[in-house]
$ cat entry_36.csv   # CSV, C-alpha atoms
chain,number,residue,atom,x,y,z
A,1,MET,CA,0.0,0.0,0.0
A,2,ASN,CA,1.3,3.4,-1.0
A,3,VAL,CA,0.5,5.4,2.1
A,4,ALA,CA,1.0,8.9,0.7
A,5,GLU,CA,-1.2,8.1,-2.3
A,6,GLN,CA,-4.0,6.7,-0.1
A,7,ILE,CA,-3.9,9.7,2.3
A,8,LEU,CA,-4.0,12.2,-0.6
A,9,THR,CA,-6.8,10.5,-2.6
A,10,SER,CA,-9.0,9.8,0.4
A,11,PHE,CA,-8.7,13.4,1.6
A,12,VAL,CA,-9.6,14.8,-1.9
A,13,ALA,CA,-12.4,12.3,-2.5
A,14,ALA,CA,-14.1,13.0,0.9
A,15,ALA,CA,-13.7,16.8,0.5
A,16,GLY,CA,-15.0,16.5,-3.1
A,17,PHE,CA,-18.1,14.7,-1.8
A,18,ALA,CA,-18.6,17.6,0.7
A,19,ILE,CA,-18.5,20.1,-2.2
A,20,LEU,CA,-21.2,18.1,-4.0
A,21,PHE,CA,-23.3,18.4,-0.9
A,22,ASN,CA,-22.7,22.2,-0.8
A,23,VAL,CA,-20.8,22.2,2.5
A,24,PRO,CA,-19.4,25.7,3.0
A,25,ALA,CA,-15.7,26.2,2.2
A,26,ARG,CA,-14.6,26.7,5.8
A,27,ASN,CA,-15.7,23.1,6.7
A,28,LEU,CA,-14.3,21.3,3.7
A,29,ALA,CA,-10.9,20.5,5.0
A,30,TYR,CA,-12.4,18.9,8.1
A,31,CYS,CA,-14.7,16.8,6.0
A,32,GLY,CA,-11.7,15.6,4.1
A,33,LEU,CA,-9.9,14.9,7.3
A,34,ALA,CA,-12.7,12.8,8.6
A,35,GLY,CA,-12.8,10.8,5.4
A,36,MET,CA,-9.1,10.4,5.4
A,37,VAL,CA,-8.8,9.1,9.0
A,38,GLY,CA,-11.7,6.7,8.5
A,39,TRP,CA,-10.3,5.3,5.3
A,40,MET,CA,-6.8,5.0,6.6
A,41,ALA,CA,-8.0,3.1,9.6
A,42,TYR,CA,-9.9,0.8,7.3
A,43,ARG,CA,-7.1,0.3,4.8
A,44,SER,CA,-4.4,-0.2,7.5
A,45,LEU,CA,-6.5,-3.0,9.1
A,46,ILE,CA,-7.2,-4.6,5.7
A,47,GLU,CA,-3.4,-4.6,5.0
A,48,MET,CA,-2.9,-6.3,8.4
A,49,ASN,CA,-5.2,-9.1,7.0
A,50,VAL,CA,-8.2,-8.1,9.3
A,51,ASP,CA,-11.6,-9.1,7.9
A,52,PRO,CA,-13.4,-6.3,6.1
A,53,ILE,CA,-16.3,-6.3,8.5
A,54,PRO,CA,-14.4,-5.4,11.7
A,55,ALA,CA,-12.2,-3.0,9.6
A,56,THR,CA,-15.3,-1.2,8.4
A,57,LEU,CA,-16.6,-1.1,11.9
A,58,VAL,CA,-13.4,0.6,13.2
A,59,GLY,CA,-13.3,2.9,10.2
A,60,SER,CA,-16.9,4.2,10.7
A,61,PHE,CA,-16.3,4.5,14.4
A,62,ALA,CA,-13.3,6.6,13.8
A,63,VAL,CA,-15.2,8.8,11.3
A,64,SER,CA,-18.1,9.3,13.7
A,65,VAL,CA,-16.0,10.1,16.7
A,66,LEU,CA,-14.0,12.7,14.7
A,67,SER,CA,-17.2,14.1,13.2
A,68,GLN,CA,-18.8,14.5,16.6
A,69,THR,CA,-15.7,16.3,17.9
A,70,PHE,CA,-15.7,18.7,14.9
A,71,ALA,CA,-19.5,19.3,15.3
A,72,ARG,CA,-18.9,20.3,18.9
A,73,LEU,CA,-15.9,22.5,18.1
A,74,PHE,CA,-17.5,24.4,15.2
A,75,LYS,CA,-21.2,24.3,16.4
A,76,THR,CA,-22.2,22.7,13.1
A,77,PRO,CA,-24.6,19.7,12.6
A,78,VAL,CA,-22.6,16.4,12.9
A,79,ILE,CA,-24.1,15.2,9.6
A,80,VAL,CA,-21.9,17.6,7.6
A,81,PHE,CA,-18.7,15.8,8.6
A,82,LEU,CA,-20.2,12.4,8.9
A,83,ILE,CA,-21.5,11.9,5.3
A,84,SER,CA,-18.3,12.6,3.4
A,85,GLY,CA,-16.4,10.4,5.9
A,86,ILE,CA,-18.8,7.4,5.6
A,87,VAL,CA,-19.0,7.4,1.8
A,88,PRO,CA,-15.6,5.8,1.1
A,89,LEU,CA,-16.5,2.9,3.5
A,90,VAL,CA,-19.8,2.1,1.7
A,91,PRO,CA,-19.3,-1.4,0.2
A,92,GLY,CA,-19.6,-0.3,-3.4
A,93,GLY,CA,-17.0,-2.8,-4.6
A,94,THR,CA,-18.7,-5.7,-3.0
A,95,ALA,CA,-22.1,-4.7,-4.3
A,96,TYR,CA,-20.6,-4.4,-7.8
A,97,ASP,CA,-19.0,-7.8,-7.6
A,98,ALA,CA,-22.4,-9.2,-6.5
A,99,MET,CA,-24.1,-7.5,-9.5
A,100,ARG,CA,-21.5,-8.8,-11.9
A,101,ASN,CA,-22.0,-12.4,-10.7
A,102,VAL,CA,-25.8,-12.0,-11.1
A,103,VAL,CA,-25.2,-11.0,-14.8
A,104,GLN,CA,-23.0,-14.0,-15.3
A,105,ASN,CA,-25.7,-16.3,-13.8
A,106,GLN,CA,-23.5,-17.2,-10.9
A,107,TYR,CA,-26.2,-16.7,-8.3
A,108,ASP,CA,-24.5,-18.7,-5.5
A,109,ILE,CA,-21.5,-16.3,-5.5
A,110,ALA,CA,-23.8,-13.3,-6.0
A,111,VAL,CA,-25.9,-14.1,-2.9
A,112,GLN,CA,-22.7,-14.6,-0.8
A,113,LEU,CA,-21.3,-11.2,-2.0
A,114,ALA,CA,-24.7,-9.5,-1.5
A,115,PHE,CA,-24.9,-10.8,2.0
A,116,GLN,CA,-21.3,-9.6,2.6
A,117,ALA,CA,-22.3,-6.1,1.4
A,118,PHE,CA,-25.3,-6.2,3.7
A,119,MET,CA,-23.1,-7.1,6.7
A,120,LEU,CA,-20.6,-4.4,5.7
A,121,SER,CA,-23.5,-1.8,5.7
A,122,GLY,CA,-24.5,-3.2,9.1
A,123,SER,CA,-21.1,-2.7,10.5
A,124,ILE,CA,-21.1,1.0,9.3
A,125,ALA,CA,-24.4,1.4,11.3
A,126,PHE,CA,-22.8,-0.2,14.3
A,127,GLY,CA,-19.7,1.9,14.1
A,128,ILE,CA,-21.9,5.1,14.1
A,129,MET,CA,-23.9,3.7,17.0
A,130,PHE,CA,-20.9,2.8,19.1
A,131,SER,CA,-19.6,6.3,18.7
A,132,GLU,CA,-22.9,7.8,19.6
A,133,VAL,CA,-22.9,5.7,22.8
A,134,PHE,CA,-19.4,6.8,23.5
A,135,ASP,CA,-20.4,10.4,23.0
A,136,GLN,CA,-23.3,10.1,25.4
A,137,LEU,CA,-21.2,8.4,28.0
A,138,ILE,CA,-18.6,11.2,27.9
A,139,ARG,CA,-21.4,13.8,28.3
A,140,LYS,CA,-23.0,12.0,31.2
A,141,LEU,CA,-19.7,11.6,32.9
A,142,ARG,CA,-18.9,15.3,32.5
A,143,THR,CA,-22.2,16.5,33.8
A,144,PRO,CA,-23.3,13.8,36.3
A,145,ALA,CA,-25.8,15.8,38.2
A,146,THR,CA,-27.7,17.8,35.6
A,147,GLY,CA,-28.1,15.2,32.9
A,148,ASP,CA,-28.0,16.2,29.2
A,149,GLY,CA,-31.6,17.0,28.4
A,150,LYS,CA,-30.8,20.6,27.3
A,151,ARG,CA,-27.4,20.1,25.8
A,152,ARG,CA,-27.0,20.2,22.0
A,153,SER,CA,-24.3,18.3,20.3
A,154,GLY,CA,-23.8,20.3,17.1
B,1,MET,CA,-55.3,38.6,23.4
B,2,GLU,CA,-55.3,39.5,19.7
B,3,THR,CA,-51.6,40.3,19.7
B,4,THR,CA,-50.7,37.1,21.6
B,5,SER,CA,-52.5,34.9,19.1
B,6,HIS,CA,-50.9,36.8,16.2
B,7,SER,CA,-47.4,36.3,17.5
B,8,ASP,CA,-48.1,32.7,18.4
B,9,ARG,CA,-49.1,32.1,14.8
B,10,LEU,CA,-45.9,33.9,13.7
B,11,ILE,CA,-43.8,31.7,15.9
B,12,ALA,CA,-45.5,28.6,14.5
B,13,LYS,CA,-44.7,29.9,11.0
B,14,VAL,CA,-41.1,30.4,11.9
B,15,CYS,CA,-40.8,26.9,13.3
B,16,MET,CA,-42.5,25.4,10.3
B,17,LEU,CA,-40.3,27.2,7.8
B,18,ALA,CA,-37.1,26.2,9.7
B,19,GLY,CA,-38.2,22.6,9.8
B,20,GLN,CA,-39.2,22.7,6.1
B,21,ILE,CA,-35.9,24.1,5.0
B,22,MET,CA,-33.9,21.6,7.0
B,23,MET,CA,-35.9,18.6,5.8
B,24,GLU,CA,-35.8,19.6,2.2
B,25,ASN,CA,-32.0,19.9,2.3
B,26,GLY,CA,-30.9,16.7,3.9
B,27,ALA,CA,-31.0,17.1,7.8
B,28,GLU,CA,-31.8,14.1,10.0
B,29,THR,CA,-35.4,13.8,11.2
B,30,TYR,CA,-34.6,14.0,14.9
B,31,ARG,CA,-32.6,17.2,14.3
B,32,VAL,CA,-35.5,18.8,12.5
B,33,GLU,CA,-37.9,17.9,15.3
B,34,ASP,CA,-35.4,19.0,17.9
B,35,THR,CA,-34.8,22.4,16.2
B,36,MET,CA,-38.5,23.1,15.8
B,37,THR,CA,-39.3,22.5,19.4
B,38,ARG,CA,-36.3,24.4,20.6
B,39,ILE,CA,-37.2,27.5,18.6
B,40,ALA,CA,-40.8,27.3,20.0
B,41,ASP,CA,-39.3,26.9,23.4
B,42,SER,CA,-37.1,29.9,23.1
B,43,PHE,CA,-40.0,32.1,22.0
B,44,GLY,CA,-41.9,31.1,25.1
B,45,LEU,CA,-44.1,28.3,23.8
B,46,PRO,CA,-43.0,25.2,25.8
B,47,ARG,CA,-45.3,22.3,25.0
B,48,SER,CA,-45.0,22.3,21.3
B,49,GLN,CA,-45.1,19.0,19.4
B,50,SER,CA,-43.6,18.2,16.0
B,51,PHE,CA,-43.9,15.1,13.9
B,52,VAL,CA,-41.5,15.0,11.0
B,53,THR,CA,-41.4,12.4,8.2
B,54,PRO,CA,-39.4,12.7,5.0
B,55,THR,CA,-42.6,13.6,3.1
B,56,GLY,CA,-44.4,16.0,5.5
B,57,ILE,CA,-44.2,17.9,8.8
B,58,ILE,CA,-47.0,18.3,11.4
B,59,PHE,CA,-46.4,20.9,14.0
B,60,SER,CA,-48.6,21.9,16.9
B,61,ILE,CA,-48.5,24.5,19.6
B,62,GLU,CA,-50.5,24.9,22.7
B,63,GLY,CA,-51.2,28.0,24.8
B,64,SER,CA,-53.7,30.8,24.4
B,65,ALA,CA,-54.2,30.2,20.7
B,66,PRO,CA,-53.6,26.5,19.9
B,67,ASP,CA,-52.4,26.1,16.3
B,68,THR,CA,-51.6,23.0,14.3
B,69,ARG,CA,-50.0,23.2,10.9
B,70,LEU,CA,-49.1,20.7,8.2
B,71,THR,CA,-46.5,21.1,5.5
B,72,ARG,CA,-46.0,18.7,2.6
B,73,ILE,CA,-42.4,18.1,1.6
B,74,SER,CA,-42.4,17.1,-2.1
B,75,GLU,CA,-38.9,17.9,-3.3
B,76,ARG,CA,-35.9,16.8,-1.3
B,77,SER,CA,-32.3,17.6,-2.3
B,78,THR,CA,-29.0,17.9,-0.5
B,79,ASP,CA,-27.8,21.4,0.3
B,80,LEU,CA,-26.0,21.2,3.7
B,81,ARG,CA,-25.2,24.9,3.6
B,82,LYS,CA,-28.9,25.7,4.2
B,83,VAL,CA,-29.0,23.1,7.1
B,84,ILE,CA,-26.0,24.8,8.7
B,85,GLU,CA,-27.5,28.3,8.3
B,86,VAL,CA,-30.8,27.3,9.8
B,87,ASN,CA,-29.0,25.6,12.7
B,88,ALA,CA,-27.0,28.9,13.2
B,89,ILE,CA,-30.3,30.9,13.3
B,90,SER,CA,-31.8,28.4,15.7
B,91,ARG,CA,-28.8,28.9,18.0
B,92,ARG,CA,-29.2,32.7,17.8
B,93,ILE,CA,-32.9,32.3,18.7
B,94,SER,CA,-32.0,30.2,21.7
B,95,ALA,CA,-29.5,32.9,22.8
B,96,GLY,CA,-32.4,35.4,22.6
B,97,GLU,CA,-30.8,37.5,19.8
B,98,LEU,CA,-33.7,37.3,17.3
B,99,ASP,CA,-37.4,38.1,17.6
B,100,PRO,CA,-39.9,36.0,15.5
B,101,GLN,CA,-40.2,38.6,12.8
B,102,GLU,CA,-36.4,38.9,12.2
B,103,ALA,CA,-36.1,35.1,12.3
B,104,LEU,CA,-38.8,34.7,9.7
B,105,VAL,CA,-37.1,37.2,7.3
B,106,LEU,CA,-33.7,35.5,7.7
B,107,LEU,CA,-35.3,32.1,7.1
B,108,GLN,CA,-37.1,33.3,4.0
B,109,GLY,CA,-33.8,34.6,2.8
B,110,ILE,CA,-32.2,31.2,3.2
B,111,GLU,CA,-35.1,29.5,1.5
B,112,LYS,CA,-34.8,31.7,-1.6
B,113,SER,CA,-30.9,31.6,-1.8
B,114,ASN,CA,-29.7,29.7,-4.8
B,115,PRO,CA,-27.5,26.6,-4.6
B,116,GLY,CA,-23.9,27.8,-4.4
B,117,LEU,CA,-21.9,26.1,-7.2
B,118,SER,CA,-22.7,25.8,-10.8
B,119,ALA,CA,-23.4,22.4,-12.4
B,120,GLY,CA,-20.2,22.6,-14.3
B,121,VAL,CA,-18.0,23.0,-11.2
B,122,LYS,CA,-19.9,20.2,-9.4
B,123,THR,CA,-19.3,17.9,-12.4
B,124,ALA,CA,-15.6,18.7,-12.3
B,125,VAL,CA,-15.5,17.9,-8.6
B,126,ALA,CA,-17.4,14.6,-9.1
B,127,ALA,CA,-14.9,13.7,-11.8
B,128,ILE,CA,-11.9,14.4,-9.5
B,129,SER,CA,-13.6,12.4,-6.7
B,130,SER,CA,-14.1,9.5,-9.1
B,131,GLY,CA,-10.4,9.5,-10.0
B,132,CYS,CA,-9.5,9.5,-6.3
B,133,PHE,CA,-11.9,6.6,-5.5
B,134,LEU,CA,-10.3,4.6,-8.3
B,135,ILE,CA,-6.9,4.9,-6.7
B,136,MET,CA,-8.4,4.1,-3.3
B,137,PHE,CA,-9.9,0.9,-4.6
B,138,LYS,CA,-6.5,-0.3,-5.8
B,139,GLY,CA,-6.9,1.0,-9.4
B,140,GLU,CA,-3.9,1.9,-11.5
B,141,TRP,CA,-2.9,5.6,-12.2
B,142,GLY,CA,-3.1,4.7,-15.9
B,143,ASP,CA,-6.9,4.5,-15.4
B,144,PHE,CA,-7.1,7.9,-13.6
B,145,LEU,CA,-8.1,9.9,-16.7
B,146,PRO,CA,-10.8,7.5,-17.9
B,147,ALA,CA,-12.2,7.6,-14.4
B,148,LEU,CA,-12.3,11.4,-14.5
B,149,VAL,CA,-14.3,11.2,-17.8
B,150,THR,CA,-16.7,8.4,-16.8
B,151,GLY,CA,-17.3,9.7,-13.3
B,152,GLY,CA,-17.8,13.3,-14.4
B,153,LEU,CA,-20.2,12.3,-17.2
B,154,GLY,CA,-22.1,9.9,-15.0
B,155,TYR,CA,-22.7,12.7,-12.4
B,156,ALA,CA,-23.6,15.2,-15.2
B,157,ALA,CA,-26.1,12.6,-16.5
B,158,VAL,CA,-27.8,12.2,-13.2
B,159,THR,CA,-28.2,15.9,-12.5
B,160,SER,CA,-29.3,16.9,-16.0
B,161,LEU,CA,-31.7,14.0,-16.4
B,162,HIS,CA,-33.2,14.7,-13.0
B,163,ARG,CA,-34.0,18.2,-14.2
B,164,PHE,CA,-36.1,16.9,-17.1
B,165,LEU,CA,-37.7,13.8,-15.5
B,166,SER,CA,-39.0,13.8,-11.9
B,167,ILE,CA,-38.3,10.1,-11.5
B,168,LYS,CA,-35.1,9.9,-9.5
B,169,LEU,CA,-34.8,6.2,-9.9
B,170,PHE,CA,-34.7,6.4,-13.7
B,171,SER,CA,-32.1,9.2,-13.8
B,172,GLU,CA,-29.8,7.1,-11.5
B,173,PHE,CA,-30.4,4.1,-13.6
B,174,MET,CA,-29.5,6.0,-16.8
B,175,ALA,CA,-26.5,7.6,-15.2
B,176,SER,CA,-25.0,4.2,-14.3
B,177,VAL,CA,-25.8,2.9,-17.8
B,178,VAL,CA,-23.7,5.9,-19.1
B,179,VAL,CA,-20.9,5.0,-16.7
B,180,GLY,CA,-21.0,1.4,-17.8
B,181,ILE,CA,-21.0,2.1,-21.5
B,182,LEU,CA,-18.2,4.7,-21.2
B,183,ALA,CA,-16.1,2.3,-19.1
B,184,CYS,CA,-16.6,-0.5,-21.5
B,185,ILE,CA,-15.6,1.7,-24.4
B,186,PHE,CA,-12.4,2.8,-22.6
B,187,VAL,CA,-11.4,-0.7,-21.8
B,188,ALA,CA,-12.3,-2.1,-25.2
B,189,SER,CA,-10.2,0.6,-26.9
B,190,GLY,CA,-7.3,-0.1,-24.7
B,191,MET,CA,-7.3,3.3,-23.0
B,192,ALA,CA,-8.1,1.8,-19.6
B,193,HIS,CA,-7.1,-1.6,-18.2
B,194,ASN,CA,-9.2,-2.6,-15.3
B,195,LEU,CA,-13.0,-2.4,-16.0
B,196,ASN,CA,-14.0,-3.3,-12.5
B,197,THR,CA,-12.1,-0.6,-10.6
B,198,LEU,CA,-12.9,1.9,-13.3
B,199,ILE,CA,-16.7,1.3,-12.9
B,200,ILE,CA,-16.6,1.2,-9.1
B,201,GLY,CA,-14.7,4.5,-8.9
B,202,SER,CA,-16.9,6.2,-11.4
B,203,VAL,CA,-20.1,5.1,-9.8
B,204,MET,CA,-19.1,6.4,-6.3
B,205,PRO,CA,-20.5,10.0,-6.8
B,206,LEU,CA,-23.9,8.4,-7.4
B,207,VAL,CA,-23.8,6.4,-4.1
B,208,PRO,CA,-26.6,7.5,-1.7
B,209,GLY,CA,-24.2,8.3,1.2
B,210,LEU,CA,-26.4,10.9,2.8
B,211,LEU,CA,-29.5,8.6,2.7
B,212,ILE,CA,-27.6,5.7,4.3
B,213,THR,CA,-26.1,7.9,7.0
B,214,ASN,CA,-29.4,9.6,7.8
B,215,ALA,CA,-31.3,6.3,7.8
B,216,VAL,CA,-29.0,4.9,10.4
B,217,ARG,CA,-29.0,8.0,12.5
B,218,ASP,CA,-32.8,8.2,12.4
B,219,LEU,CA,-33.3,4.6,13.2
B,220,MET,CA,-31.0,5.0,16.2
B,221,ALA,CA,-33.0,8.0,17.4
B,222,GLY,CA,-36.2,5.9,17.3
B,223,HIS,CA,-37.7,7.5,14.2
B,224,TYR,CA,-38.6,4.3,12.5
B,225,VAL,CA,-40.9,5.8,9.9
B,226,SER,CA,-38.2,8.1,8.6
B,227,GLY,CA,-35.4,5.7,9.1
B,228,LEU,CA,-37.1,2.9,7.1
B,229,SER,CA,-38.3,5.2,4.3
B,230,LYS,CA,-34.9,6.7,3.9
B,231,GLY,CA,-33.4,3.2,4.0
B,232,ALA,CA,-35.8,2.1,1.3
B,233,GLU,CA,-34.8,5.1,-0.8
B,234,ALA,CA,-31.1,4.3,-0.4
B,235,PHE,CA,-31.8,0.7,-1.2
B,236,LEU,CA,-33.7,1.6,-4.4
B,237,THR,CA,-31.0,4.0,-5.5
B,238,ALA,CA,-28.4,1.3,-5.0
B,239,LEU,CA,-30.6,-1.1,-6.9
B,240,ALA,CA,-31.0,1.4,-9.8
B,241,ILE,CA,-27.2,1.9,-10.0
B,242,GLY,CA,-26.5,-1.9,-9.8
B,243,THR,CA,-29.1,-2.6,-12.5
B,244,GLY,CA,-27.7,0.0,-14.8
B,245,ILE,CA,-24.3,-1.5,-14.6
B,246,ALA,CA,-25.7,-5.0,-14.9
B,247,VAL,CA,-27.5,-4.1,-18.1
B,248,VAL,CA,-24.3,-2.9,-19.7
B,249,LEU,CA,-22.2,-5.8,-18.4
B,250,SER,CA,-24.7,-8.3,-19.8
B,251,PHE,CA,-24.1,-7.0,-23.3
B,252,TYR,CA,-20.3,-6.6,-22.9
B,253,ARG,CA,-18.2,-9.7,-23.2
B,254,GLY,CA,-14.7,-8.2,-23.0
B,255,GLU,CA,-11.8,-9.1,-20.9
B,256,GLY,CA,-12.9,-7.2,-17.9
B,257,LEU,CA,-15.7,-9.7,-17.2
B,258,THR,CA,-13.5,-12.7,-16.5
B,259,LEU,CA,-12.9,-13.3,-12.8

$ encode --input "entry_36.csv" --output "structure tokens"
Amino acid sequence: MNVAEQILTSFVAAAGFAILFNVPARNLAYCGLAGMVGWMAYRSLIEMNVDPIPATLVGSFAVSVLSQTFARLFKTPVIVFLISGIVPLVPGGTAYDAMRNVVQNQYDIAVQLAFQAFMLSGSIAFGIMFSEVFDQLIRKLRTPATGDGKRRSG
Amino acid sequence: METTSHSDRLIAKVCMLAGQIMMENGAETYRVEDTMTRIADSFGLPRSQSFVTPTGIIFSIEGSAPDTRLTRISERSTDLRKVIEVNAISRRISAGELDPQEALVLLQGIEKSNPGLSAGVKTAVAAISSGCFLIMFKGEWGDFLPALVTGGLGYAAVTSLHRFLSIKLFSEFMASVVVGILACIFVASGMAHNLNTLIIGSVMPLVPGLLITNAVRDLMAGHYVSGLSKGAEAFLTALAIGTGIAVVLSFYRGEGLTL
């Protein structure tokens, strides 16, 4: 894996996605950063021969934690940073392979790949969920007495 | 009494407009509901209720002049700048910096403001993203230029077709057919080498990233109606893209197809 090449392209791709969604210029670099960190976490684990499902889980967890931090720092909705970071982790390649096998009438392989794509999407969801739980825990620990009913996250 | 009911109506109008702008431009459902009740709260109307779905908003206030409103959301797009601006206004209202009339004027300004970048710039950005995705998915640098062309034209196809036809599914399907055909031409003519990575990279700008993320976040927040409907929309988009590619691949028997 060429690390510099991966860092550069994942940053540009995530920031590009943010531009397509009309994110204001001052937030673009942070969107790119979120995408880069998530993708590098995912790719490094893949290079270490970790299964794609836990790798995606770690990647989306990293993206969400970073997005929530940015959201709190800049008082901006968390979704702004989250989307462009999550997009590279979406199992487009696996879904494509599944589709290609359908076309070639290899339904057994296609179903396996489709299920893998489904599991990968599920691990993205769980990565986001774990970071949300993490975020709420931190908030509860910081303000143990008052609770967080009136706090806003972004 | 008359003035109170008038200003209550105005507050309901402000909340409604804020919710409508956020929902039309890609905010999560729970954030829309939260923002609407927060605005009402800050203007001194505590027990307001809002029920937001991707296709409509119901908002109700109690008090001296109870008022319930319904807004239909027919057109949804993604313009996160508007979501950020409405969020900023909601914060200023919470801080007590704006009265209802000022807030309404500001919100109407946001609603009318045009989408920032031109279609040409966005197409160029989508093209560059496609090239980068190609490299991320282990493609070769030799395929970078073809990915720029296919990804950019695919994105241009989805935006321009969507302007003529209101069926989102069809424009996504056609865009992925365009991507597939161009990729096959590039590989068949020897200008690109790996059909698979070329198609995956070029299709990425069409992927429903916002819908997937929002669906997950809405489901987590307990908004099952919105979460499931956004999930269904994301699934249909993915299906349209996949079908478009599959249609092209079933006609193409080049080297890229062998496993």

$ residues_around --input "entry_36.csv" --residues "Ala103 of chain B" --least-positions-apart "6" --cutoff "9 Å" --atoms "only C-alpha atoms" --output "ChimeraX atom specification"
/B:14,89-90,93

$ closest_residue --input "entry_36.csv" --among "A:Phe21, A:Tyr107, A:Phe115, A:Phe70" --to "Arg81 of chain B" --atoms "all atoms listed in the file"
A:Phe21

$ closest_residue --input "entry_36.csv" --among "A:Gln116, A:Asn105, A:Asn27, A:Thr76" --to "chain B" --atoms "only C-alpha atoms"
A:Thr76

$ atom_distance --input "entry_36.csv" --atom1 "atom CA of Ala192 of chain B" --atom2 "atom CA of Tyr252 of chain B"
15.2 Å

$ residues_around --input "entry_36.csv" --residues "Gly92 of chain A" --least-positions-apart "2" --cutoff "12 Å" --atoms "all atoms listed in the file" --output "MDAnalysis selection string"
(chainID A and resid 86:90 94:99 113:114 116:118 120:121) or (chainID B and resid 133:134 137 196:197 199:209 238:239 241:242)

$ closest_residue --input "entry_36.csv" --among "B:Asp67, B:Asp79, B:Glu97, B:Glu172" --to "chain A" --atoms "all atoms listed in the file"
B:Asp79

$ interface_residues --input "entry_36.csv" --of "chain A" --to "chain B" --cutoff "7 Å" --atoms "all atoms listed in the file" --output "PyMOL selection string"
chain A and resi 6+9-10+12-13+16+20-24+76-77+80+83+87+92-93+96+99-100+103+125
